[in-house]
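Enquirer: Dropping in target_30.tsv, which is TSV, C-alpha atoms:
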chain	number	residue	atom	x	y	z
D	96	MET	CA	34.41	-6.13	155.50
D	97	LYS	CA	37.25	-7.98	153.82
D	98	GLN	CA	39.12	-6.00	151.18
D	99	ASP	CA	40.11	-7.34	147.77
D	100	ASN	CA	43.68	-7.85	148.83
D	101	ARG	CA	45.54	-10.27	146.55
D	102	THR	CA	47.74	-11.44	149.39
D	103	ASP	CA	44.89	-12.41	151.71
D	104	ARG	CA	41.85	-13.93	150.10
D	105	ILE	CA	39.52	-16.91	150.13
D	106	ILE	CA	38.82	-18.90	146.98
D	107	LEU	CA	35.82	-21.19	146.60
D	108	GLY	CA	36.18	-23.92	143.99
D	109	ILE	CA	33.06	-25.67	142.69
D	110	ASP	CA	32.65	-28.78	140.56
D	111	PRO	CA	28.97	-28.54	139.62
D	112	GLY	CA	27.03	-31.65	138.69
D	113	THR	CA	23.48	-32.82	138.48
D	114	ASN	CA	23.95	-35.60	141.03
D	115	VAL	CA	26.98	-34.57	143.05
D	116	MET	CA	28.43	-31.11	143.61
D	117	GLY	CA	31.96	-30.85	144.97
D	118	TYR	CA	33.33	-27.79	146.70
D	119	GLY	CA	36.66	-26.79	148.15
D	120	VAL	CA	37.71	-23.65	150.01
D	121	ILE	CA	41.28	-22.37	150.32
D	122	HIS	CA	42.78	-19.41	152.12
D	123	ILE	CA	45.58	-17.55	150.38
D	124	LYS	CA	47.91	-15.61	152.65
D	125	GLY	CA	50.93	-14.14	150.99
D	126	THR	CA	52.28	-16.94	148.85
D	127	ASP	CA	50.83	-19.72	151.01
D	128	ALA	CA	47.66	-21.64	150.26
D	129	LYS	CA	45.87	-23.32	153.15
D	130	LEU	CA	42.98	-25.75	152.99
D	131	ILE	CA	39.90	-24.54	154.84
D	132	CYS	CA	37.53	-27.34	153.84
D	133	MET	CA	36.37	-29.60	151.05
D	134	ASP	CA	33.24	-31.69	150.77
D	135	ILE	CA	30.54	-32.94	148.45
D	136	LEU	CA	26.78	-32.53	148.37
D	137	SER	CA	24.70	-35.34	146.92
D	138	PHE	CA	21.44	-34.64	145.15
D	139	LYS	CA	20.94	-38.21	144.02
D	140	LYS	CA	17.96	-38.74	146.30
D	141	SER	CA	16.16	-35.63	145.09
D	142	PRO	CA	13.01	-36.98	143.43
D	143	THR	CA	13.02	-34.49	140.53
D	144	HIS	CA	15.56	-32.60	138.49
D	145	THR	CA	14.08	-29.30	139.57
D	146	ILE	CA	14.34	-30.12	143.27
D	147	LYS	CA	18.04	-30.74	142.54
D	148	LEU	CA	18.37	-27.35	140.88
D	149	LYS	CA	16.71	-25.64	143.81
D	150	SER	CA	19.09	-27.45	146.18
D	151	ILE	CA	22.14	-26.43	144.12
D	152	PHE	CA	21.12	-22.77	144.34
D	153	GLU	CA	20.37	-22.89	148.07
D	154	GLU	CA	23.50	-24.87	148.90
D	155	THR	CA	25.85	-22.69	146.85
D	156	THR	CA	24.35	-19.68	148.59
D	157	ARG	CA	24.80	-21.34	152.01
D	158	ILE	CA	28.46	-22.18	151.28
D	159	ILE	CA	29.11	-18.59	150.15
D	160	GLU	CA	27.50	-17.23	153.31
D	161	GLN	CA	29.49	-19.63	155.49
D	162	TYR	CA	32.97	-19.20	153.98
D	163	ARG	CA	32.63	-15.70	152.47
D	164	PRO	CA	34.94	-16.25	149.50
D	165	ASP	CA	36.43	-13.36	147.53
D	166	GLU	CA	36.41	-15.30	144.27
D	167	VAL	CA	34.61	-18.33	142.87
D	168	ALA	CA	36.21	-20.74	140.38
D	169	LEU	CA	34.19	-23.35	138.50
D	170	GLU	CA	35.14	-26.49	136.64
D	171	ALA	CA	33.22	-26.08	133.39
D	172	PRO	CA	33.46	-28.77	130.73
D	173	PHE	CA	32.37	-27.37	127.41
D	174	PHE	CA	32.05	-30.71	125.68
D	175	GLY	CA	30.00	-33.76	126.50
D	176	LYS	CA	28.69	-36.98	125.12
D	177	ASN	CA	25.16	-35.96	124.29
D	178	VAL	CA	22.80	-32.99	124.26
D	179	GLN	CA	20.64	-34.38	127.07
D	180	SER	CA	23.47	-34.57	129.59
D	181	MET	CA	24.84	-31.18	128.50
D	182	LEU	CA	21.44	-29.57	129.04
D	183	LYS	CA	21.35	-30.94	132.60
D	184	LEU	CA	24.95	-29.99	133.27
D	185	GLY	CA	24.28	-26.52	131.86
D	186	ARG	CA	21.43	-26.08	134.31
D	187	ALA	CA	23.64	-27.11	137.25
D	188	GLN	CA	26.53	-24.87	136.12
D	189	GLY	CA	24.29	-21.87	135.48
D	190	ILE	CA	22.64	-22.09	138.87
D	191	SER	CA	25.93	-22.24	140.77
D	192	MET	CA	27.16	-19.27	138.75
D	193	ALA	CA	23.96	-17.31	139.37
D	194	ALA	CA	24.21	-17.90	143.13
D	195	ALA	CA	27.76	-16.50	143.10
D	196	LEU	CA	27.08	-13.58	140.75
D	197	HIS	CA	23.93	-12.73	142.68
D	198	ARG	CA	26.28	-12.08	145.61
D	199	ASN	CA	28.47	-9.91	143.38
D	200	LEU	CA	31.36	-12.34	143.47
D	201	PRO	CA	33.65	-12.63	140.44
D	202	VAL	CA	33.31	-16.00	138.73
D	203	PHE	CA	36.05	-17.79	136.78
D	204	GLU	CA	35.70	-20.86	134.58
D	205	TYR	CA	38.40	-23.46	133.91
D	206	SER	CA	38.26	-26.51	131.68
D	207	PRO	CA	39.03	-29.91	133.25
D	208	LYS	CA	42.17	-30.18	131.13
D	209	LYS	CA	43.52	-26.81	132.29
D	210	ILE	CA	42.81	-27.68	135.93
D	211	LYS	CA	44.69	-30.98	135.73
D	212	GLN	CA	47.55	-29.33	133.90
D	213	SER	CA	47.95	-26.64	136.57
D	214	ILE	CA	47.98	-29.16	139.42
D	215	THR	CA	50.04	-32.06	138.06
D	216	GLY	CA	51.58	-30.58	134.93
D	217	LYS	CA	49.62	-33.00	132.75
D	218	GLY	CA	46.20	-32.36	131.22
D	219	THR	CA	45.57	-36.09	131.02
D	220	SER	CA	46.13	-36.92	134.71
D	221	SER	CA	43.60	-39.10	136.53
D	222	LYS	CA	41.41	-37.80	139.36
D	223	GLU	CA	43.51	-39.88	141.77
D	224	GLN	CA	46.76	-38.30	140.57
D	225	VAL	CA	45.26	-34.82	140.99
D	226	ALA	CA	44.04	-35.74	144.50
D	227	LEU	CA	47.44	-37.10	145.56
D	228	MET	CA	49.22	-33.98	144.31
D	229	LEU	CA	46.77	-31.75	146.18
D	230	GLN	CA	47.35	-33.81	149.31
D	231	ARG	CA	51.07	-33.19	148.99
D	232	ILE	CA	50.69	-29.43	148.30
D	233	LEU	CA	48.12	-28.72	151.00
D	234	ALA	CA	49.30	-31.39	153.46
D	235	PHE	CA	45.97	-32.85	154.46
D	236	GLU	CA	45.89	-36.27	156.14
D	237	SER	CA	43.38	-38.45	154.35
D	238	LEU	CA	41.77	-38.30	150.94
D	239	PRO	CA	37.98	-37.92	150.83
D	240	ASN	CA	35.93	-40.89	149.64
D	241	LEU	CA	34.52	-39.04	146.70
D	242	LEU	CA	36.96	-37.36	144.36
D	243	ASP	CA	34.42	-34.69	143.46
D	244	ALA	CA	35.66	-32.88	146.57
D	245	THR	CA	39.31	-32.92	145.44
D	246	ASP	CA	38.15	-32.00	141.92
D	247	ALA	CA	36.57	-28.86	143.36
D	248	LEU	CA	39.65	-28.16	145.46
D	249	ALA	CA	41.71	-28.51	142.28
D	250	VAL	CA	39.67	-25.74	140.61
D	251	ALA	CA	40.34	-23.41	143.54
D	252	MET	CA	44.08	-24.24	143.46
D	253	CYS	CA	44.17	-23.86	139.67
D	254	HIS	CA	42.68	-20.39	140.05
D	255	TYR	CA	45.29	-19.53	142.68
D	256	PHE	CA	48.14	-20.80	140.48
D	257	GLN	CA	46.91	-18.81	137.49
D	258	ASN	CA	46.77	-15.62	139.54
D	259	ARG	CA	50.14	-15.84	141.20
D	260	MET	CA	51.89	-16.03	137.85
D	261	PRO	CA	53.47	-12.73	136.77
D	262	SER	CA	51.52	-12.79	133.50
D	263	GLY	CA	48.26	-12.50	135.40
D	264	ASN	CA	45.10	-14.53	135.34
D	265	LYS	CA	44.69	-17.11	132.63
D	266	ALA	CA	41.13	-18.30	133.27
D	267	ASP	CA	39.34	-19.79	130.28
D	268	LYS	CA	36.62	-17.31	131.06
D	269	LYS	CA	37.02	-14.49	133.51
D	270	TYR	CA	34.28	-12.26	134.81
D	271	ASN	CA	34.61	-9.37	137.15
D	272	SER	CA	31.97	-8.67	139.72
D	273	TRP	CA	28.65	-7.41	138.50
D	274	GLU	CA	28.96	-4.03	140.21
D	275	THR	CA	32.47	-3.47	138.88
D	276	PHE	CA	31.32	-4.35	135.39
D	277	VAL	CA	28.29	-2.07	135.49
D	278	SER	CA	30.25	0.86	136.89
D	279	ASN	CA	32.93	0.43	134.22
D	280	ASN	CA	30.49	-0.07	131.37
D	281	PRO	CA	27.54	2.30	131.74
D	282	GLY	CA	24.85	1.58	129.16
D	283	LYS	CA	26.39	-1.70	128.10
D	284	VAL	CA	24.10	-3.90	130.14
D	285	SER	CA	20.88	-4.72	128.36
D	286	GLY	CA	17.66	-5.76	129.98
D	287	LEU	CA	18.01	-3.59	133.04
A	216	MET	CA	-1.85	-12.56	150.49
A	217	LYS	CA	-3.36	-14.26	147.42
A	218	GLN	CA	-4.68	-17.76	148.04
A	219	ASP	CA	-4.04	-20.69	145.72
A	220	ASN	CA	-7.52	-20.52	144.25
A	221	ARG	CA	-7.77	-22.29	140.91
A	222	THR	CA	-10.44	-19.83	139.74
A	223	ASP	CA	-8.35	-16.69	140.32
A	224	ARG	CA	-4.67	-16.93	139.60
A	225	ILE	CA	-1.82	-15.42	137.65
A	226	ILE	CA	0.38	-17.50	135.37
A	227	LEU	CA	3.82	-16.38	134.19
A	228	GLY	CA	5.06	-17.99	130.99
A	229	ILE	CA	8.76	-17.87	130.16
A	230	ASP	CA	10.64	-18.73	126.98
A	231	PRO	CA	14.24	-18.76	128.22
A	232	GLY	CA	17.07	-18.16	125.81
A	233	THR	CA	20.67	-17.12	125.89
A	234	ASN	CA	20.10	-14.03	123.76
A	235	VAL	CA	16.42	-13.24	124.12
A	236	MET	CA	14.04	-14.16	126.93
A	237	GLY	CA	10.32	-13.88	126.27
A	238	TYR	CA	7.71	-13.59	129.00
A	239	GLY	CA	3.95	-13.42	129.11
A	240	VAL	CA	1.57	-12.95	132.04
A	241	ILE	CA	-2.09	-13.97	132.10
A	242	HIS	CA	-4.80	-13.61	134.72
A	243	ILE	CA	-7.23	-16.50	135.07
A	244	LYS	CA	-10.59	-15.58	136.59
A	245	GLY	CA	-13.16	-18.34	136.56
A	246	THR	CA	-12.96	-19.75	133.05
A	247	ASP	CA	-11.66	-16.54	131.48
A	248	ALA	CA	-8.04	-15.85	130.62
A	249	LYS	CA	-6.97	-12.21	130.33
A	250	LEU	CA	-3.68	-10.88	129.03
A	251	ILE	CA	-1.78	-8.80	131.58
A	252	CYS	CA	1.40	-8.25	129.59
A	253	MET	CA	3.96	-9.80	127.29
A	254	ASP	CA	7.42	-8.63	126.37
A	255	ILE	CA	10.96	-9.67	125.62
A	256	LEU	CA	14.31	-8.95	127.23
A	257	SER	CA	17.37	-8.86	125.03
A	258	PHE	CA	20.76	-9.90	126.38
A	259	LYS	CA	22.48	-9.70	123.00
A	260	LYS	CA	24.57	-6.70	124.02
A	261	SER	CA	25.82	-8.34	127.20
A	262	PRO	CA	29.56	-8.67	126.67
A	263	THR	CA	29.88	-12.08	128.30
A	264	HIS	CA	27.77	-15.18	128.72
A	265	THR	CA	27.91	-14.85	132.51
A	266	ILE	CA	26.64	-11.27	132.46
A	267	LYS	CA	23.70	-12.67	130.49
A	268	LEU	CA	23.10	-15.33	133.13
A	269	LYS	CA	23.21	-12.76	135.89
A	270	SER	CA	20.69	-10.62	133.95
A	271	ILE	CA	18.38	-13.60	133.43
A	272	PHE	CA	18.32	-14.27	137.16
A	273	GLU	CA	17.79	-10.63	138.13
A	274	GLU	CA	15.15	-10.04	135.44
A	275	THR	CA	13.16	-13.18	136.22
A	276	THR	CA	13.18	-12.14	139.87
A	277	ARG	CA	12.05	-8.63	138.93
A	278	ILE	CA	9.17	-9.93	136.79
A	279	ILE	CA	8.06	-12.26	139.61
A	280	GLU	CA	8.13	-9.38	142.09
A	281	GLN	CA	6.20	-7.12	139.70
A	282	TYR	CA	3.43	-9.51	138.61
A	283	ARG	CA	3.36	-11.90	141.59
A	284	PRO	CA	2.40	-15.04	139.65
A	285	ASP	CA	0.95	-18.13	141.37
A	286	GLU	CA	2.55	-20.50	138.87
A	287	VAL	CA	5.43	-20.38	136.40
A	288	ALA	CA	5.42	-22.30	133.11
A	289	LEU	CA	8.55	-22.71	130.97
A	290	GLU	CA	9.10	-23.66	127.38
A	291	ALA	CA	11.81	-26.29	127.67
A	292	PRO	CA	13.18	-27.96	124.55
A	293	PHE	CA	14.94	-31.17	125.46
A	294	PHE	CA	16.66	-31.64	122.13
A	295	GLY	CA	19.02	-29.39	120.21
A	296	LYS	CA	21.48	-29.33	117.39
A	297	ASN	CA	24.69	-29.55	119.35
A	298	VAL	CA	26.10	-29.91	122.85
A	299	GLN	CA	27.45	-26.34	122.92
A	300	SER	CA	24.07	-24.70	122.35
A	301	MET	CA	22.36	-27.09	124.75
A	302	LEU	CA	24.86	-26.24	127.48
A	303	LYS	CA	24.09	-22.54	127.05
A	304	LEU	CA	20.35	-23.13	126.86
A	305	GLY	CA	20.56	-25.34	129.94
A	306	ARG	CA	22.23	-22.52	131.85
A	307	ALA	CA	19.49	-20.06	130.82
A	308	GLN	CA	16.68	-22.51	131.64
A	309	GLY	CA	18.16	-23.49	134.99
A	310	ILE	CA	18.58	-19.89	136.08
A	311	SER	CA	15.00	-18.92	135.26
A	312	MET	CA	13.81	-22.01	137.13
A	313	ALA	CA	16.01	-21.23	140.14
A	314	ALA	CA	14.67	-17.67	140.34
A	315	ALA	CA	11.10	-19.03	140.44
A	316	LEU	CA	11.78	-21.93	142.81
A	317	HIS	CA	13.78	-19.63	145.06
A	318	ARG	CA	10.49	-17.74	145.52
A	319	ASN	CA	8.70	-21.03	146.28
A	320	LEU	CA	6.66	-20.89	143.09
A	321	PRO	CA	5.66	-24.15	141.40
A	322	VAL	CA	7.39	-24.58	138.05
A	323	PHE	CA	6.02	-26.49	135.07
A	324	GLU	CA	7.86	-27.46	131.89
A	325	TYR	CA	6.29	-27.93	128.47
A	326	SER	CA	7.93	-29.00	125.23
A	327	PRO	CA	7.57	-26.69	122.20
A	328	LYS	CA	5.48	-29.34	120.43
A	329	LYS	CA	3.01	-29.66	123.31
A	330	ILE	CA	2.67	-25.88	123.57
A	331	LYS	CA	1.86	-25.50	119.87
A	332	GLN	CA	-0.54	-28.40	120.01
A	333	SER	CA	-2.45	-26.91	122.92
A	334	ILE	CA	-2.81	-23.49	121.23
A	335	THR	CA	-3.49	-24.35	117.58
A	336	GLY	CA	-4.22	-28.08	117.74
A	337	LYS	CA	-1.12	-28.84	115.69
A	338	GLY	CA	2.34	-29.57	117.10
A	339	THR	CA	3.92	-28.43	113.86
A	340	SER	CA	2.41	-24.92	113.71
A	341	SER	CA	4.65	-21.95	112.97
A	342	LYS	CA	5.37	-19.22	115.52
A	343	GLU	CA	3.15	-16.89	113.44
A	344	GLN	CA	0.21	-19.29	113.54
A	345	VAL	CA	0.57	-19.62	117.30
A	346	ALA	CA	0.74	-15.81	117.66
A	347	LEU	CA	-2.38	-15.27	115.51
A	348	MET	CA	-4.37	-17.83	117.47
A	349	LEU	CA	-3.31	-16.21	120.76
A	350	GLN	CA	-4.37	-12.84	119.36
A	351	ARG	CA	-7.79	-14.27	118.61
A	352	ILE	CA	-8.18	-15.97	122.01
A	353	LEU	CA	-6.92	-13.07	124.13
A	354	ALA	CA	-8.15	-10.28	121.84
A	355	PHE	CA	-5.06	-8.08	121.82
A	356	GLU	CA	-4.69	-5.46	119.12
A	357	SER	CA	-1.28	-5.81	117.55
A	358	LEU	CA	1.30	-8.56	117.50
A	359	PRO	CA	4.67	-7.81	119.06
A	360	ASN	CA	7.68	-7.46	116.78
A	361	LEU	CA	9.47	-10.38	118.32
A	362	LEU	CA	7.60	-13.65	118.51
A	363	ASP	CA	9.55	-14.69	121.62
A	364	ALA	CA	6.91	-12.70	123.54
A	365	THR	CA	4.00	-14.63	122.03
A	366	ASP	CA	5.98	-17.86	122.48
A	367	ALA	CA	6.16	-17.15	126.19
A	368	LEU	CA	2.48	-16.19	126.28
A	369	ALA	CA	1.77	-19.51	124.56
A	370	VAL	CA	3.48	-21.40	127.42
A	371	ALA	CA	1.30	-19.61	129.96
A	372	MET	CA	-1.86	-20.36	127.94
A	373	CYS	CA	-0.77	-23.97	127.41
A	374	HIS	CA	-0.43	-24.35	131.18
A	375	TYR	CA	-3.89	-22.85	131.67
A	376	PHE	CA	-5.43	-25.18	129.05
A	377	GLN	CA	-3.82	-28.24	130.64
A	378	ASN	CA	-5.19	-27.31	134.05
A	379	ARG	CA	-8.76	-26.56	133.09
A	380	MET	CA	-9.16	-30.01	131.55
A	381	PRO	CA	-11.07	-32.46	133.78
A	382	SER	CA	-8.20	-34.94	133.70
A	383	GLY	CA	-5.96	-32.47	135.48
A	384	ASN	CA	-2.53	-31.10	134.69
A	385	LYS	CA	-0.60	-32.63	131.84
A	386	ALA	CA	2.70	-30.81	132.10
A	387	ASP	CA	5.70	-32.62	130.69
A	388	LYS	CA	7.28	-32.02	134.06
A	389	LYS	CA	5.39	-30.76	137.05
A	390	TYR	CA	6.90	-29.55	140.29
A	391	ASN	CA	5.07	-28.39	143.33
A	392	SER	CA	6.40	-25.58	145.41
A	393	TRP	CA	9.48	-26.25	147.44
A	394	GLU	CA	7.76	-25.79	150.79
A	395	THR	CA	4.89	-28.08	149.81
A	396	PHE	CA	7.33	-30.70	148.65
A	397	VAL	CA	9.48	-30.57	151.76
A	398	SER	CA	6.48	-30.68	154.09
A	399	ASN	CA	5.06	-33.66	152.21
A	400	ASN	CA	8.37	-35.51	151.97
A	401	PRO	CA	10.28	-35.16	155.22
A	402	GLY	CA	13.76	-36.61	154.91
A	403	LYS	CA	13.59	-36.96	151.16
A	404	VAL	CA	15.55	-33.83	150.36
A	405	SER	CA	19.25	-34.39	150.26
A	406	GLY	CA	21.90	-31.79	150.79
A	407	LEU	CA	19.93	-29.72	153.26
Could you write out this file's structure as structure tokens?

Expert:
Amino acid sequence: MKQDNRTDRIILGIDPGTNVMGYGVIHIKGTDAKLICMDILSFKKSPTHTIKLKSIFEETTRIIEQYRPDEVALEAPFFGKNVQSMLKLGRAQGISMAAALHRNLPVFEYSPKKIKQSITGKGTSSKEQVALMLQRILAFESLPNLLDATDALAVAMCHYFQNRMPSGNKADKKYNSWETFVSNNPGKVSGL
Amino acid sequence: MKQDNRTDRIILGIDPGTNVMGYGVIHIKGTDAKLICMDILSFKKSPTHTIKLKSIFEETTRIIEQYRPDEVALEAPFFGKNVQSMLKLGRAQGISMAAALHRNLPVFEYSPKKIKQSITGKGTSSKEQVALMLQRILAFESLPNLLDATDALAVAMCHYFQNRMPSGNKADKKYNSWETFVSNNPGKVSGL
């Protein structure tokens, strides 16, 4: 079983959405980051919202089983245009998080602004600018058609950048694994 | 294994929330509805939002394993005061739904107004009025301290009432089980 060694670990980045979910996987070895894969999953053809949710859970679980990440980083916007879209986004976010936490993986959340800032230095960069910078850093040949994949890769890289800084992790929200939390906080977990 | 017999089935009602989750279980036998249990789970002491989400998933799974419902009905408000609260509520809703769908249970959503209307005849009834009517219908002795339990019981009863009507189910959103859907719609499920 892989140990939680900071110099050799796999990070899964997820950009959850109700129609398209992006994901990117990187391998950190020493101070080098290497691209393992990035892709998108489309749920647009799912006939109902709930079928989408079911797919998000199953697919996140499948990706975790396939790539066995040590940490999961999510792009999590906290603001949106209207309550309807935020409810749907919340469902998609929550399900991806549950699939990861259910596997006892630590989950980290980063705002879109923070992700862009950590990749390009500017919180207002476009998706294309972020993608081009990632291409340069990770040296992959062609950009994917859908930028949801590079968005997800950006979350994973953002998480890596935050962790390699001497001041430690600067996630917007940081959660240790469930087991670690419970063992460190006996009696603090309600509803169990 | 229990068959999907409309005259003998167990319905789990859930009122998902970020701080408190209510649940109620009823047993339908012929035209009679019998209370099996109702209770609440509090996540207020969970130190982070994600620990709450993890608990919601684990607890919904536990309740499903314990009571083995044939159908799950959720109270699902589609409107809220602000995008922040709707994002959190969306996460809680989505996770409860994922736990049920993951077990291949059909999930039904009802709006708070529809639930009240089906129990008391009025969509504007108070929680107390709904609780008192449920007490009369199901003949239980004392009301629980927290009305989130009776709210959840109301969802289960609402689902039962909708189904026993000759015109069939009138859920706001109705989803068949995953397996049934996939077998009936080959090729329609994306991302698998």

Enquirer: Please identify all residues of chain D having at least one atom at most 9 Å from any atom of chain A, considering all atoms listed in the file, and return them as a PDB file with C-alpha atoms, in the coordinates of the input.

Expert:
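Generated output (selection_26.pdb):
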ATOM      1  CA  LEU D 136      26.780 -32.530 148.370  1.00  0.00           C
ATOM      2  CA  SER D 137      24.700 -35.340 146.920  1.00  0.00           C
ATOM      3  CA  PHE D 138      21.440 -34.640 145.150  1.00  0.00           C
ATOM      4  CA  LYS D 139      20.940 -38.210 144.020  1.00  0.00           C
ATOM      5  CA  LYS D 140      17.960 -38.740 146.300  1.00  0.00           C
ATOM      6  CA  SER D 141      16.160 -35.630 145.090  1.00  0.00           C
ATOM      7  CA  PRO D 142      13.010 -36.980 143.430  1.00  0.00           C
ATOM      8  CA  THR D 143      13.020 -34.490 140.530  1.00  0.00           C
ATOM      9  CA  THR D 145      14.080 -29.300 139.570  1.00  0.00           C
ATOM     10  CA  ILE D 146      14.340 -30.120 143.270  1.00  0.00           C
ATOM     11  CA  LYS D 147      18.040 -30.740 142.540  1.00  0.00           C
ATOM     12  CA  LEU D 148      18.370 -27.350 140.880  1.00  0.00           C
ATOM     13  CA  LYS D 149      16.710 -25.640 143.810  1.00  0.00           C
ATOM     14  CA  SER D 150      19.090 -27.450 146.180  1.00  0.00           C
ATOM     15  CA  ILE D 151      22.140 -26.430 144.120  1.00  0.00           C
ATOM     16  CA  PHE D 152      21.120 -22.770 144.340  1.00  0.00           C
ATOM     17  CA  GLU D 153      20.370 -22.890 148.070  1.00  0.00           C
ATOM     18  CA  GLU D 154      23.500 -24.870 148.900  1.00  0.00           C
ATOM     19  CA  PHE D 173      32.370 -27.370 127.410  1.00  0.00           C
ATOM     20  CA  PHE D 174      32.050 -30.710 125.680  1.00  0.00           C
ATOM     21  CA  GLY D 175      30.000 -33.760 126.500  1.00  0.00           C
ATOM     22  CA  LYS D 176      28.690 -36.980 125.120  1.00  0.00           C
ATOM     23  CA  ASN D 177      25.160 -35.960 124.290  1.00  0.00           C
ATOM     24  CA  VAL D 178      22.800 -32.990 124.260  1.00  0.00           C
ATOM     25  CA  GLN D 179      20.640 -34.380 127.070  1.00  0.00           C
ATOM     26  CA  SER D 180      23.470 -34.570 129.590  1.00  0.00           C
ATOM     27  CA  MET D 181      24.840 -31.180 128.500  1.00  0.00           C
ATOM     28  CA  LEU D 182      21.440 -29.570 129.040  1.00  0.00           C
ATOM     29  CA  LYS D 183      21.350 -30.940 132.600  1.00  0.00           C
ATOM     30  CA  LEU D 184      24.950 -29.990 133.270  1.00  0.00           C
ATOM     31  CA  GLY D 185      24.280 -26.520 131.860  1.00  0.00           C
ATOM     32  CA  ARG D 186      21.430 -26.080 134.310  1.00  0.00           C
ATOM     33  CA  ALA D 187      23.640 -27.110 137.250  1.00  0.00           C
ATOM     34  CA  GLN D 188      26.530 -24.870 136.120  1.00  0.00           C
ATOM     35  CA  GLY D 189      24.290 -21.870 135.480  1.00  0.00           C
ATOM     36  CA  ILE D 190      22.640 -22.090 138.870  1.00  0.00           C
ATOM     37  CA  MET D 192      27.160 -19.270 138.750  1.00  0.00           C
ATOM     38  CA  ALA D 193      23.960 -17.310 139.370  1.00  0.00           C
ATOM     39  CA  ALA D 194      24.210 -17.900 143.130  1.00  0.00           C
ATOM     40  CA  LEU D 196      27.080 -13.580 140.750  1.00  0.00           C
ATOM     41  CA  HIS D 197      23.930 -12.730 142.680  1.00  0.00           C
ATOM     42  CA  VAL D 202      33.310 -16.000 138.730  1.00  0.00           C
ATOM     43  CA  LYS D 268      36.620 -17.310 131.060  1.00  0.00           C
ATOM     44  CA  TYR D 270      34.280 -12.260 134.810  1.00  0.00           C
ATOM     45  CA  TRP D 273      28.650  -7.410 138.500  1.00  0.00           C
ATOM     46  CA  PHE D 276      31.320  -4.350 135.390  1.00  0.00           C
ATOM     47  CA  LYS D 283      26.390  -1.700 128.100  1.00  0.00           C
ATOM     48  CA  VAL D 284      24.100  -3.900 130.140  1.00  0.00           C
ATOM     49  CA  SER D 285      20.880  -4.720 128.360  1.00  0.00           C
ATOM     50  CA  GLY D 286      17.660  -5.760 129.980  1.00  0.00           C
ATOM     51  CA  LEU D 287      18.010  -3.590 133.040  1.00  0.00           C
TER      52      LEU D 287
END

Enquirer: Neighbours of range 209-220 of chain D within 7 Å (all atoms listed in the file; same-chain residues fewer than 4 positions away dropped), as a PyMOL selection string?

Expert: chain D and resi 205+224-225+228+249-250+253

Enquirer: Quote the spacing between CA of Asp165 in chain D and CA of Leu107 in chain D in Å to one decimal place.

Expert: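 Here the two named atoms are 7.9 Å from each other.
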
Enquirer: Which polymer residues have any atom within 8 Å of an atom of Thr245 in chain D, counting all atoms listed in the file, with same-chain residues fewer than 5 positions away left out, as a PyMOL selection string?

Expert: chain D and resi 117-119+133+225-226+229+239

Enquirer: Please measure the separation of CA of Lys328 in chain A and CA of Asn114 in chain D, giving the value in Å to one decimal.

Expert: 28.4 Å

Enquirer: With 5 Å on each side, where is the centre of the axis-aligned box around all listed atoms of range 350-368 of chain A, and how long are its edges in Å to one decimal, as JSON?

Expert:
{"center_x": 0.7, "center_y": -11.7, "center_z": 121.5, "size_x": 27.7, "size_y": 22.4, "size_z": 19.5}
